[in-house]
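Shown here: protein-v1.tsv, TSV, C-alpha atoms.
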chain	number	residue	atom	x	y	z
A	58	MET	CA	-5.06	-4.29	17.30
A	59	ARG	CA	-7.55	-6.12	15.07
A	60	ALA	CA	-6.26	-7.68	11.86
A	61	ILE	CA	-7.61	-6.37	8.57
A	62	SER	CA	-9.13	-8.93	6.27
A	63	SER	CA	-9.25	-8.64	2.50
A	64	SER	CA	-10.52	-10.87	-0.29
A	65	VAL	CA	-7.55	-9.71	-2.39
A	66	PRO	CA	-3.94	-10.33	-1.28
A	67	LEU	CA	-2.76	-7.25	0.59
A	68	ILE	CA	0.80	-6.11	1.33
A	69	GLY	CA	1.78	-2.83	2.94
A	70	PHE	CA	4.96	-0.80	2.95
A	71	ALA	CA	5.83	0.90	6.22
A	72	ALA	CA	8.64	3.36	6.85
A	73	VAL	CA	9.36	6.82	8.12
A	74	SER	CA	8.87	9.65	5.65
A	75	GLY	CA	11.73	10.03	3.19
A	76	THR	CA	12.72	6.35	3.15
A	77	GLY	CA	11.49	5.75	-0.40
A	78	LYS	CA	8.10	4.03	-0.15
A	79	THR	CA	6.67	5.72	-3.25
A	80	THR	CA	9.95	5.27	-5.16
A	81	LEU	CA	9.88	1.53	-4.45
A	82	LEU	CA	6.19	1.21	-5.37
A	83	ARG	CA	6.86	3.00	-8.66
A	84	ALA	CA	9.55	0.40	-9.41
A	85	LEU	CA	7.40	-2.56	-8.30
A	86	LEU	CA	4.25	-1.73	-10.29
A	87	PRO	CA	5.68	-2.28	-13.81
A	88	LEU	CA	7.31	-5.54	-12.66
A	89	LEU	CA	4.05	-6.80	-11.18
A	90	ASN	CA	2.16	-5.71	-14.31
A	91	ALA	CA	4.71	-7.61	-16.45
A	92	ARG	CA	3.64	-10.75	-14.55
A	93	GLY	CA	0.07	-10.05	-15.64
A	94	LEU	CA	-1.06	-8.86	-12.20
A	95	ARG	CA	-3.74	-6.23	-11.81
A	96	VAL	CA	-2.57	-4.13	-8.88
A	97	GLY	CA	-4.49	-1.64	-6.77
A	98	VAL	CA	-2.73	0.89	-4.58
A	99	ILE	CA	-3.98	2.66	-1.47
A	100	LYS	CA	-1.85	5.54	-0.23
A	101	HIS	CA	-2.36	7.33	3.05
A	102	ALA	CA	-1.96	11.11	3.01
A	103	HIS	CA	-1.23	12.92	6.26
A	104	HIS	CA	-2.29	16.23	4.79
A	105	THR	CA	-4.97	17.84	2.68
A	106	PHE	CA	-4.57	16.89	-0.95
A	107	ASP	CA	-6.34	17.64	-4.20
A	108	ILE	CA	-6.24	15.48	-7.31
A	109	ASP	CA	-8.23	17.95	-9.38
A	110	VAL	CA	-6.98	21.02	-11.24
A	111	PRO	CA	-8.25	24.56	-10.58
A	112	GLY	CA	-10.17	25.89	-13.57
A	113	LYS	CA	-11.43	22.48	-14.75
A	114	ASP	CA	-15.20	21.92	-14.61
A	115	SER	CA	-14.96	19.03	-12.14
A	116	TYR	CA	-12.83	21.11	-9.77
A	117	GLU	CA	-15.22	24.06	-9.99
A	118	LEU	CA	-18.30	21.86	-9.39
A	119	ARG	CA	-16.71	20.31	-6.31
A	120	ARG	CA	-15.59	23.69	-5.01
A	121	ALA	CA	-19.15	24.98	-5.58
A	122	GLY	CA	-20.47	22.41	-3.11
A	123	ALA	CA	-20.73	18.93	-4.64
A	124	THR	CA	-20.18	16.31	-1.93
A	125	GLN	CA	-19.17	13.76	-4.54
A	126	THR	CA	-17.83	14.40	-8.02
A	127	LEU	CA	-17.32	11.59	-10.49
A	128	VAL	CA	-15.34	12.31	-13.63
A	129	GLY	CA	-15.28	9.65	-16.32
A	130	SER	CA	-13.90	9.02	-19.76
A	131	ARG	CA	-13.15	5.97	-21.87
A	132	HIS	CA	-9.67	5.84	-20.32
A	133	ARG	CA	-10.44	6.14	-16.58
A	134	TRP	CA	-12.82	7.46	-13.99
A	135	ALA	CA	-12.27	9.06	-10.61
A	136	LEU	CA	-14.61	9.67	-7.72
A	137	VAL	CA	-13.76	12.46	-5.30
A	138	THR	CA	-15.70	12.51	-2.04
A	139	GLU	CA	-15.51	15.44	0.34
A	140	THR	CA	-15.26	14.35	3.99
A	141	PRO	CA	-15.03	17.54	6.07
A	142	GLY	CA	-14.84	16.98	9.80
A	143	SER	CA	-14.26	13.23	9.44
A	144	GLU	CA	-11.72	11.18	11.31
A	145	GLU	CA	-8.72	9.76	9.46
A	146	PRO	CA	-10.01	6.88	7.31
A	147	ARG	CA	-9.15	3.35	8.36
A	148	LEU	CA	-7.61	1.02	5.81
A	149	ALA	CA	-10.56	-1.38	6.05
A	150	GLU	CA	-12.94	1.46	5.09
A	151	LEU	CA	-10.87	2.40	2.05
A	152	LEU	CA	-10.53	-1.21	0.90
A	153	LEU	CA	-14.33	-1.28	0.49
A	154	HIS	CA	-14.02	1.28	-2.32
A	155	LEU	CA	-11.82	-0.99	-4.46
A	156	SER	CA	-13.26	-3.55	-6.87
A	157	PRO	CA	-11.83	-6.91	-5.76
A	158	ASP	CA	-13.02	-8.63	-8.96
A	159	SER	CA	-10.69	-6.44	-11.01
A	160	LEU	CA	-7.59	-6.83	-8.78
A	161	ASP	CA	-5.06	-9.57	-8.07
A	162	LEU	CA	-3.12	-7.66	-5.41
A	163	VAL	CA	-3.39	-4.48	-3.34
A	164	LEU	CA	-0.29	-2.57	-2.26
A	165	VAL	CA	-0.66	-0.16	0.62
A	166	GLU	CA	1.60	2.78	1.36
A	167	GLY	CA	1.29	3.98	4.91
A	168	PHE	CA	-1.26	2.92	7.52
A	169	LYS	CA	1.71	1.64	9.52
A	170	ALA	CA	-0.26	1.58	12.79
A	171	GLU	CA	-2.82	-0.88	11.37
A	172	ALA	CA	-2.56	-4.66	11.59
A	173	PHE	CA	-2.01	-6.18	8.14
A	174	PRO	CA	1.02	-7.78	6.47
A	175	LYS	CA	3.69	-5.16	5.80
A	176	ILE	CA	7.23	-4.92	4.53
A	177	GLU	CA	9.28	-2.43	6.50
A	178	LEU	CA	11.62	-0.23	4.47
A	179	HIS	CA	14.69	0.70	6.49
A	180	ARG	CA	17.73	2.78	5.63
A	181	PRO	CA	20.21	2.48	8.54
A	182	ALA	CA	21.95	5.71	7.45
A	183	LEU	CA	18.79	7.67	8.38
A	184	GLY	CA	19.23	6.62	12.02
A	185	HIS	CA	15.64	5.59	12.75
A	186	PRO	CA	14.79	2.58	14.92
A	187	LEU	CA	13.35	-0.55	13.34
A	188	MET	CA	9.55	-0.69	13.44
A	189	CYS	CA	9.52	-4.48	13.22
A	190	ARG	CA	10.72	-4.69	16.82
A	191	THR	CA	7.34	-3.39	17.99
A	192	ASP	CA	5.01	-4.25	15.08
A	193	PRO	CA	4.23	-7.98	14.77
A	194	SER	CA	2.47	-7.41	11.44
A	195	ILE	CA	5.77	-6.67	9.68
A	196	ILE	CA	6.62	-9.80	7.69
A	197	ALA	CA	9.90	-8.73	6.03
A	198	LEU	CA	12.56	-6.05	6.18
A	199	ALA	CA	13.78	-4.32	3.00
A	200	THR	CA	17.01	-2.45	3.58
A	201	ASP	CA	19.85	-0.86	1.64
A	202	ALA	CA	22.61	-1.80	4.10
A	203	PRO	CA	23.38	-4.37	6.79
A	204	VAL	CA	21.23	-4.00	9.90
A	205	GLN	CA	22.75	-4.45	13.35
A	206	ASP	CA	20.93	-7.12	15.36
A	207	ALA	CA	18.67	-7.87	12.41
A	208	PRO	CA	15.42	-9.51	13.47
A	209	SER	CA	14.52	-13.01	12.35
A	210	LEU	CA	12.56	-11.82	9.33
A	211	PRO	CA	13.21	-12.26	5.63
A	212	LEU	CA	15.70	-9.58	4.57
A	213	LEU	CA	15.14	-8.01	1.16
A	214	ASP	CA	17.38	-5.71	-0.86
A	215	LEU	CA	15.62	-2.36	-1.02
A	216	ASN	CA	17.55	-1.57	-4.22
A	217	ASP	CA	16.46	-4.77	-5.99
A	218	PRO	CA	12.76	-4.37	-6.87
A	219	ALA	CA	12.69	-7.72	-8.71
A	220	SER	CA	13.58	-9.57	-5.50
A	221	VAL	CA	10.89	-7.64	-3.60
A	222	VAL	CA	8.35	-8.63	-6.29
A	223	ALA	CA	9.43	-12.27	-6.03
A	224	PHE	CA	8.91	-12.15	-2.26
A	225	ILE	CA	5.46	-10.51	-2.61
A	226	VAL	CA	4.31	-13.09	-5.16
A	227	SER	CA	5.64	-15.98	-3.08
A	228	ILE	CA	4.07	-14.77	0.18
A	229	THR	CA	0.68	-13.74	-1.26
A	230	GLY	CA	0.22	-16.21	-4.09
A	231	ALA	CA	-0.94	-13.23	-6.19
A	232	GLY	CA	-1.68	-14.29	-9.73
A	233	THR	CA	-2.03	-17.97	-8.89
A	234	ALA	CA	-5.24	-19.98	-8.73
A	235	SER	CA	-4.77	-20.25	-4.97
A	236	SER	CA	-4.43	-16.51	-4.37
A	237	ALA	CA	-8.13	-16.16	-3.64
A	238	VAL	CA	-7.76	-18.41	-0.61
A	239	VAL	CA	-4.56	-16.95	0.82
A	240	HIS	CA	-5.12	-16.27	4.50
A	241	HIS	CA	-4.06	-12.73	5.27
A	242	SER	CA	-2.92	-13.34	8.81
A	243	VAL	CA	-0.81	-10.98	10.78
A	244	GLY	CA	2.06	-11.94	13.02
A	245	ARG	CA	5.28	-13.84	12.91
A	246	ARG	CA	5.49	-17.48	12.05
What is this structure when it is put down as structure tokens?
Amino acid sequence: MRAISSSVPLIGFAAVSGTGKTTLLRALLPLLNARGLRVGVIKHAHHTFDIDVPGKDSYELRRAGATQTLVGSRHRWALVTETPGSEEPRLAELLLHLSPDSLDLVLVEGFKAEAFPKIELHRPALGHPLMCRTDPSIIALATDAPVQDAPSLPLLDLNDPASVVAFIVSITGAGTASSAVVHHSVGRR
């Protein structure tokens, strides 16, 4: 597995479905923003999704055959690209679509099979095995209860977003002058 490189600090969140990845990210984003960090998010979808609304002009133009549709206003813009028949996108491919000059940190939800620094979210009550036992790119374990035979990784409280933010900032250097030179290596120290 080849490590993904990024000019912006990159941290992923890996877990089985239903563990609370999106819930945690929603709690982390305002805390990171409060530190003055500009955060990008990449989320993997295992299914067909649509961010447009039926009946709106942009939706109708895309449905009529536009391969790319860009909608813009003074508040935001969005580019939708149709990719019929394509393979699942790789994280490295999607990172190319972000603007590194306007970001201090990128959080990634999903892409758990790819090699980049990730925090595993684990809820022992769900009964799933730990991913960190087989994935050397997991750099910390966030859990809501004690873990039997916990690995020698930093343990984070899944229910304490502020402590997760503190870990992310300390490990990535996001928002510091040195963050641009943080080496995004994968593997255990």
- Message: Can you measure CA of Ile176 in chain A to CA of Ile195 in chain A for me? One decimal in Å is fine.
- Response: 5.6 Å
- Note on the structure: Using only C-alpha atoms, the best pick from A:Pro66, A:Pro208, A:Gly77, A:Gly167 as closest to Val96 in chain A would be A:Pro66
- Item | Within 12 Å of Ala182 in chain A using all atoms listed in the file, minus same-chain residues under 2 positions, as JSON, numbers by chain | {"A": [75, 76, 179, 180, 184, 185, 186, 200, 201, 202, 203, 204, 205]}
Would you place a box with edges along x, y and z of the file around all atoms of range 82-88 of chain A listed there, add 4 Å to each of its six sides, and report the centre and edge lengths in Å to one decimal, as lines of an AutoDock Vina configuration file?
center_x = 6.9
center_y = -1.3
center_z = -9.6
size_x = 13.3
size_y = 16.5
size_z = 16.4
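Distances from A:Phe70, A:Asn90, A:Asp107, A:Ala231 to Ile196 in chain A were compared using all atoms listed in the file, and the smallest one belongs to A:Phe70.
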- Hey, can you check how far CA of Val65 in chain A sits from CA of Ala149 in chain A? 12.2 Å
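Minimum atom-to-atom distance to Leu162 in chain A, evaluated using all atoms listed in the file, belongs to A:Leu94 out of A:Leu94, A:Ala60, A:Ala219, A:Leu86.
You will find CA of Thr126 in chain A at 6.6 Å from CA of Thr138 in chain A.
Shortest separation to His154 in chain A among A:Ala135, A:Val221, A:Thr140, A:Arg92 occurs at residue A:Ala135, atoms counted being all atoms listed in the file.
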